[in-house]
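Novice: Quick one: structure below, then a few questions.
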Amino acid sequence: MDFTFNSAQAHAALTLMLTIRLFESKIESLFSSHIMHGTTHLAIGQEAVHAGVSPALDREDWIVTTHRCHGHTLAKGASLKAAFAEFFGYSDGLAHGLGGSMHLVDVEHHNAGSSAVVGSGVPLATGMALQLKRKKSNQLVVALFGDGASSRGAVHESMNIASVMSLPVLFLCEHNMYGMSACAKDMVSVEYISDRGNAYAIESTVVDGNDVEQVYKAVSDAAHYIRSTGKPYLLETRTYRFSGHSKSDKRVYRTREEEVAWLKRDPIEMLKQRMLQRTYIDEKDFEKLGQNIQCEIDNIVDEMIDHPRQLSIEEAFSYVYSSKEHGQL
Amino acid sequence: MDFTFNSAQAHAALTLMLTIRLFESKIESLFSSHIMHGTTHLAIGQEAVHAGVSPALDREDWIVTTHRCHGHTLAKGASLKAAFAEFFGYSDGLAHGLGGSMHLVDVEHHNAGSSAVVGSGVPLATGMALQLKRKKSNQLVVALFGDGASSRGAVHESMNIASVMSLPVLFLCEHNMYGMSACAKDMVSVEYISDRGNAYAIESTVVDGNDVEQVYKAVSDAAHYIRSTGKPYLLETRTYRFSGHSKSDKRVYRTREEEVAWLKRDPIEMLKQRMLQRTYIDEKDFEKLGQNIQCEIDNIVDEMIDHPRQLSIEEAFSYVYSSKEHGQL
Amino acid sequence: MKKISCREAIREALFEEMARDQDVVLIGEDLGCYGGCFQVTAGLIERFGTHQVIETPVSEEAIVGVAVGAAMMGMRPIVEIMYGDFSTLASDPLINHAAKMRFLSAGKLSVPLVYRTPMGSGTGAAAQHTQSLESVFTNIPGLKIVYPSTPYDLKGLLKSAVRDPDPVLFFEHKLYGVEDLIPEEEYLIEIGKGDIKRQGADVSIITYGKTVFTAMEAARLLEADEISAEVLDVRTLRPLDTDLILQSVSKTGRAVVVHEAPTFGGFAGEIVATIVGDRRAFGALKVSVERVCGLEMPTPFNKHLELALQPSVERIVDTVTHMFTSSV
Amino acid sequence: MKKISCREAIREALFEEMARDQDVVLIGEDLGCYGGCFQVTAGLIERFGTHQVIETPVSEEAIVGVAVGAAMMGMRPIVEIMYGDFSTLASDPLINHAAKMRFLSAGKLSVPLVYRTPMGSGTGAAAQHTQSLESVFTNIPGLKIVYPSTPYDLKGLLKSAVRDPDPVLFFEHKLYGVEDLIPEEEYLIEIGKGDIKRQGADVSIITYGKTVFTAMEAARLLEADEISAEVLDVRTLRPLDTDLILQSVSKTGRAVVVHEAPTFGGFAGEIVATIVGDRRAFGALKVSVERVCGLEMPTPFNKHLELALQPSVERIVDTVTHMFTSSV
Ligand SMILES: Cc1ncc(C[n+]2csc(CCOP(=O)(O)OP(=O)(O)O)c2C)c(N)n1
Ligand SMILES: Cc1ncc(C[n+]2csc(CCOP(=O)(O)OP(=O)(O)O)c2C)c(N)n1
Ligand SMILES: [Mg+2]
Ligand SMILES: [Mg+2]
């Protein structure tokens with residue numbers, strides 16, 4: 001792969017990936033100290049996909065995420081504050097505390113939010129693309145889904161529809177080798193989900209999802225293809241979640257050796273090494289960067305915990321229907 | 001294709017195809033003279049698939065049919081009497097008059113019946129195969145579905161499952177170019193549905209569905225493959241329904257030229273010509289055969305109309321739950 | 001006024017709304033030149049083209065999911081699903097998505113979707129094509145549910161449904177050929193308002209959809225017995241016009257709830273609970289509240305059995321008469 | 001007797017039935033070494049192997065369809081779906097197929113399927129993981145529906161469900177850790193029988209699932225006000241134990257129906273209609289019948305809002321107290 005980031009791009013990607021990593025680590029610690037409630041799905045290890053997807057799009061392009069949505073949400077432009085507040089269930093959160101970890105939505109940044117029903121976001125994204133196309137917009141929609149989701153019928157139906165209707169959808173499979181505990185090799189009938197493109201006459205490819213430059217390049221190319229042909233595209237990114245599936249996961253379904261092998265391919269470390277090599281950065285800059293982000297995150301959270309703002313039940317009712325009269329107590 | 005029927009096989013196939021054709025023609029006339037009620041989906045023109053599928057299976061193999069199920073049901077062994085009675089809603093019908101045209105079932109002949117929800121029979125067939133495999137049976141299950149049904153998510157989910165679990169299912173796509181009015185080339189994202197086999201690591205092929213010898217050979221081979229490998233197989237048969245989709249269809253969605261072109265490939269005529277050529281039959285035999293079948297059919301129907309037997313509502317209730325106490329009036 | 005069938009009334013509503021706003025888009029199977037399974041959309045593709053009439057593969061789940069997504073981007077999709085029975089396939093996009101998008105985005109996204117599908121029996125299409133599955137959706141906050149009976153109501157409510165900013169399920173009975181008079185000029189009917197189809201003093205027959213006609217016929221017969229029956233067509237199931245129901249029952253002191261769906265677990269239960277949950281209406285009740293609904297059986301193909309399942313004029317008349325003849 | 005949690009009670013039932021009959025097979029996602037989303041099936045794959053514990057891809061519709069087909073061939077599948085919310089995806093195989101196969105084959109095929117899934121709120125998992133969707137299925141003839149509350153009931157009813165020749169939906173609340181005593185020896189509980197969880201004379205609180213515990217707590221508080229509340233756990237929704245309900249209400253003359261699902265269109269309506277459709281029970285009623293159920297809102301993530309949605313001890317106590325203090 002010949003494509004490389006210039007220094008500014010590399011810095012931006014590194015900053016984003018570190019921000020996401022530290023955001024999720026903070027979330028993890030808030031959960032394990034029982035300050036946060038509910039459940040959460042961390043994507044630690046998958047930051048190259050986050051930093052490679054949204055930044056390679058136009059600002060006006062839309063994304064539709066999944067239950068594992070933190071990284072993509074930040075990468076698409078959400079503020080750390082609004083994101084954290086959502087985890088706390090506060091009214092200044094992205095969804096005013098109504099959605100929580102699995103439902104980060106950020107319409108201002110053209111992030112339509114997620115479906116926590118695995119795979120069900122894909123038809124929504126397809127429909128968004130249909131209306132954008134009707135309005136002769138140049139925007140595309142990224143439908144994110146996992147290797148587990150690839151088995152859902154809704155994904156098949158959507159790909160077929162996007163193909164026969166020529167819709168500007170980037171089907172982006174974030175293949176991290178596992179569903180919850182289920183290993184893709186036992187659950188998915190093909191080695192590469194991207195090979196299913198043929199079944200829908202959809203162009204496709206697979207890239208190393210731990211290499212942010214590769215992901216970025218592949219998404220840029222796919223976006224260009226979609227915009228110039230009006231057709232959908234299927235991109236598979238191969239990556240690995242270092243974290244457990246959700247907060248309670250003991251990871252009994254995989255070996256520590258496998259984890260260690262993947263940890264050697266930590267996407268942040270990979271980018272950092274390249275940047276060191278290209279002298280875009282030195283060890284001290286890197287350390288500093290991490291400290292600054294950590295500091296910002298800690299401040300946000302400390303300040304937030306001290307100022308809880310929560311919707312009243314009446315306010316929550318106002319979001320059930322558009323006209324208030326139908327919200328009933 | 002080198003495979004050819006011997007005389008006995010050819011005679012059996014011809015008799016079966018003619019029987020199905022005349023059965024459906026009778027149904028059509030009973031509907032148009034308003035003697036029968038409800039709706040019906042004729043498959044006139046697709047008899048080579050009917051006569052090529054079930055006869056190529058072992059008697060113990062199962063089939064799961066669709067709304068367009070008359071031909072397969074007769075081919076699998078159902079009696080003309082029980083089939084006609086079902087259309088009349090009589091208690092001596094295949095399902096005692098509870099199912100009607102779209103739900104012909106014949107458990108004795110290992111025909112598990114149909115789902116009239118397009119595509120939804122495919123997971124049922126897959127599940128039947130799962131239990132047969134668990135019981136170390138040598139039987140396979142044929143999941144019949146149309147080109148329209150191929151767009152249903154349930155079909156995708158089933159193929160993926162049958163592949164990863166290695167289940168003895170023959171996915172048999174009866175591609176007749178149209179859904180209801182929807183032309184496959186506008187609705188299905190690939191030219192050949194059989195090409196989707198690759199997406200599931202399922203072996204597949206496509207054959208001329210108007211050539212009964214080809215269908216028979218392909219099904220025999222597929223059944224052999226499934227039994228010897230334990231894996232599923234996807235077979236596409238290309239055919240055409242001469243009749244409208246259902247009784248009220250004016251066929252505005254296709255041209256008369258297209259119909260005429262296909263009529264030239266009438267599967268019964270094709271087999272007849274071969275049999276004439278091979279001197280398995282002469283014109284007079286053929287005429288006689290048709291007359292005999294017609295006579296049998298007319299007698300059955302005449303006799304049936306004179307002796308209507310219908311379930312009482314209490315009897316119908318006894319089929320809702322296994323234990324009668326739960327059937328409520 | 002002009003005479004028009006239910007089918008034409010729906011088509012007129014579609015036509016007017018599609019002409020008014022290019023973002024009103026029909027989506028569904030075979031609704032182009034074929035005109036839809038029940039011929040409701042015949043002629044619309046010729047007039048509005050593929051920009052506003054979108055034919056889809058047989059993919060109910062994705063069709064509705066696609067419509068939800070498109071609605072989020074400003075389309076006003078009207079999805080037609082051929083038979084209400086296939087609402088099972090659409091229940092994830094409807095229940096888990098359409099109903100919740102506005103809430104989950106704290107009001108930033110909305111889903112102005114109309115989901116049209118025919119429900120009910122009478123066509124000889126057996127167990128998988130004749131269910132009345134409205135109860136699958138009535139317990140879902142975020143959805144509105146409309147189930148009109150007459151050409152007038154069908155047209156006025158469908159037009160309102162199209163303009164509604166929230167997802168509306170629009171259920172149709174299959175008596176598409178039934179005719180009645182409607183105004184020449186444009187009109188809307190507010191979602192959430194019931195209609196007294198017949199005034200009466202002695203008993204309230206509360207119903208919706210096809211059984212409105214059954215109830216009207218029963219009311220006519222009851223008149224011969226000098227029982228004056230009020231027929232209340234709720235028209236909208238969610239939000240329900242509880243005021244109208246309570247008023248009627250407080251007046252008559254007797255209530256019979258009628259629908260095609262099986263009694264047990266059906267929407268009639270909600271109507272009954274609405275009545276007896278209200279102190280005034282409960283106090284006014286002279287006898288227990290009755291339900292005359294479908295029998296507890298999948299619909300058989302056999303014609304006489306299919307008929308036997310449905311709430312008949314006779315069953316309604318008997319039930320009402322019994323309310324007057326026997327003691328509480 | 002031994003102390004056991006709801007989770008363990010279910011697991012014991014699974015274990016005993018799987019040991020008894022090799023055709024009893026668990027099917028679902030991540031229920032092998034992971035032990036299932038709520039750890040209910042932990043340890044079963046180690047004991048019974050992949051012949052009786054079948055892990056599947058994320059394909060809810062096909063999983064349940066596959067189970068229906070397998071059941072037709074003699075398997076006794078127990079499908080686990082991770083969250084009741086995904087029952088939307090399984091509603092076609094359940095409603096259009098499992099419920100109708102016996103009928104459509106005039107008794108020649110049957111579907112001895114158990115569909116296990118947890119319903120309800122309290123876990124902070126927001127709108128798509130906390131619904132109580134039992135109403136999607138209660139109006140479907142051909143299905144049986146069970147929704148037990150205690151370890152004792154969970155175990156006994158699950159074992160009966162596995163042995164039942166018809167499809168049984170087995171809904172579980174998410175208080176998997178709640179403990180209680182159960183017998184050491186094997187036992188079954190008949191499907192279709194309710195249970196008086198607490199005897200009382202003044203008011204019948206009728207409920208099922210998690211809110212049985214809420215109702216019990218409310219009954220304890222009401223005792224302080226000298227109101228003797230009977231708590232009736234229906235345990236089975238379909239077929240409902242109407243006799244027990246009518247007996248209880250005929251005795252107390254007051255009824256409050258409680259469930260987690262939103263009030264409107266919920267199963268409480270059926271229970272209310274059952275009561276007031278019976279002349280004796282209706283005649284015995286001293287006040288209107290009340291419902292204390294979930295609010296009309298998708299479940300918010302925010303903890304205090306999530307809590308506010310549920311029927312609380314306070315709301316039950318207030319409602320009951322109000323029945324005694326104000327006139328009809
Ligand atoms: C329809 C559905 N089934 C099951 C679940 C439970 N679940 C949550 S995440 C998950 C695994 C999804 O795997 P994948 O698509 O690969 O995404 P990943 O978690 O790896 O990001 C499952 C089964 C769900 N949320 N929705
Ligand atoms: C899920 C579902 N959607 C729609 C229908 C209505 N319908 C009946 S047959 C049919 C076309 C099916 O096409 P195909 O699978 O090619 O079968 P064919 O009719 O050609 O035999 C449709 C859309 C249905 N029965 N089920
Ligand atoms: Mg994954
Ligand atoms: Mg076809």
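By convention here, the chains of the structure tokens are called A, B, ... in the order presented, each chain's residues are numbered starting at 1, and ligands are numbered starting at 1 in the order presented.
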Would you list the residues that come within 6 Å of ligand 4? Count only C-alpha atoms and all ligand atoms and give the answer as a VMD selection string.

Specialist: chain B and resid 146 to 148 175 to 179

Novice: Determine which residues of chain D sit within 6 Å of chain A, taking into account only C-alpha atoms, and present them as a list in words.

Specialist: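 The answer, sorted by residue number, is Asp30, Pro57, Val58, Ser59, Thr123, Gly124, Ala125, Pro300, Phe301 and Asn302 of chain D.
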
Novice: Could you list, as a count of residues only, every residue of chain B that has an atom within 9 Å of an atom of chain A, counting only C-alpha atoms?

Specialist: 30

Novice: Go through B:Asp2, B:Asp221, B:Glu236, B:Glu269 and flag the residue nearest ligand 2, using only C-alpha atoms and all ligand atoms for the distances.

Specialist: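 Of the candidates, the smallest distance to ligand 2 is held by B:Glu236.
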
Novice: Could you please tell me, as a list in words, which residues of chain D have an atom within 6 Å of chain C when using only C-alpha atoms?

Specialist: Thr88, Leu89, Ser91, Asp92, Val136, Thr138, Asn139, Pro141, Phe264, Gly265, Gly266, Gly269, Glu270, Val272, Ala273, Val276, Gly277, Arg279, Phe282, Ser288, Val289, Glu290, Glu296 and Met297 of chain D

Novice: Between CA of Asp306 (chain A) and CA of Lys81 (chain A), what is the distance, to one decimal in Å?

Specialist: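 Between CA of Asp306 (chain A) and CA of Lys81 (chain A) the gap works out to 13.6 Å.
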
Novice: Identify all residues of region 85-257 of chain A in alpha helix (DSSP H) (DSSP on the backbone) and supply them as a PyMOL selection string.

Specialist: chain A and resi 85-88+121-134+153-165+184-187+212-229+256-257

Novice: Just to confirm, what's the straight-line distance from CA of Ile305 (chain A) to CA of Ala85 (chain A) in Å (one decimal)?

Specialist: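 Computing the Euclidean distance for CA of Ile305 (chain A) and CA of Ala85 (chain A) yields 9.1 Å.
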
Novice: Would you list the contacts of region 130-133 of chain A as an MDAnalysis selection string, taking every protein, DNA or RNA residue within 10 Å and counting only C-alpha atoms, but skipping same-chain residues closer than 2 positions in sequence?

Specialist: (chainID A and resid 61 124:128 135:141 161:162 165:169 230) or (chainID C and resid 23 25 66:67 69:77)

Novice: Do a neighbour search on Leu16 (chain A) at 12 Å with only C-alpha atoms, toss out local chain neighbours closer than 6 positions, and write the hits as a ChimeraX atom specification.

Specialist: /A:9-10,22-23,47-55,70-80,212,267-268,271,289-290,293

Novice: Mind giving me the straight-line distance from CA of Ala8 (chain A) to CA of Arg68 (chain A) in Å, one decimal?

Specialist: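 Computing the Euclidean distance for CA of Ala8 (chain A) and CA of Arg68 (chain A) yields 27.8 Å.
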
Novice: Ranking A:Lys247, A:Lys217, A:Arg278, A:Arg256 by minimum distance to ligand 1 and counting only C-alpha atoms and all ligand atoms, which one comes first?

Specialist: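 Smallest distance to ligand 1 is found for A:Lys247.
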
Novice: With only C-alpha atoms as the counted atoms, please give the residues lying no more than 6 Å from region 53-56 of chain C, apart from itself and same-chain residues fewer than 3 positions off, as a ChimeraX atom specification.

Specialist: /C:25-29,45,50

Novice: Near His11 (chain A), within 9 Å and counting only C-alpha atoms, which residues show up once chain neighbours fewer than 6 positions away are dropped, as a VMD selection string?

Specialist: chain A and resid 5 275 280 to 281
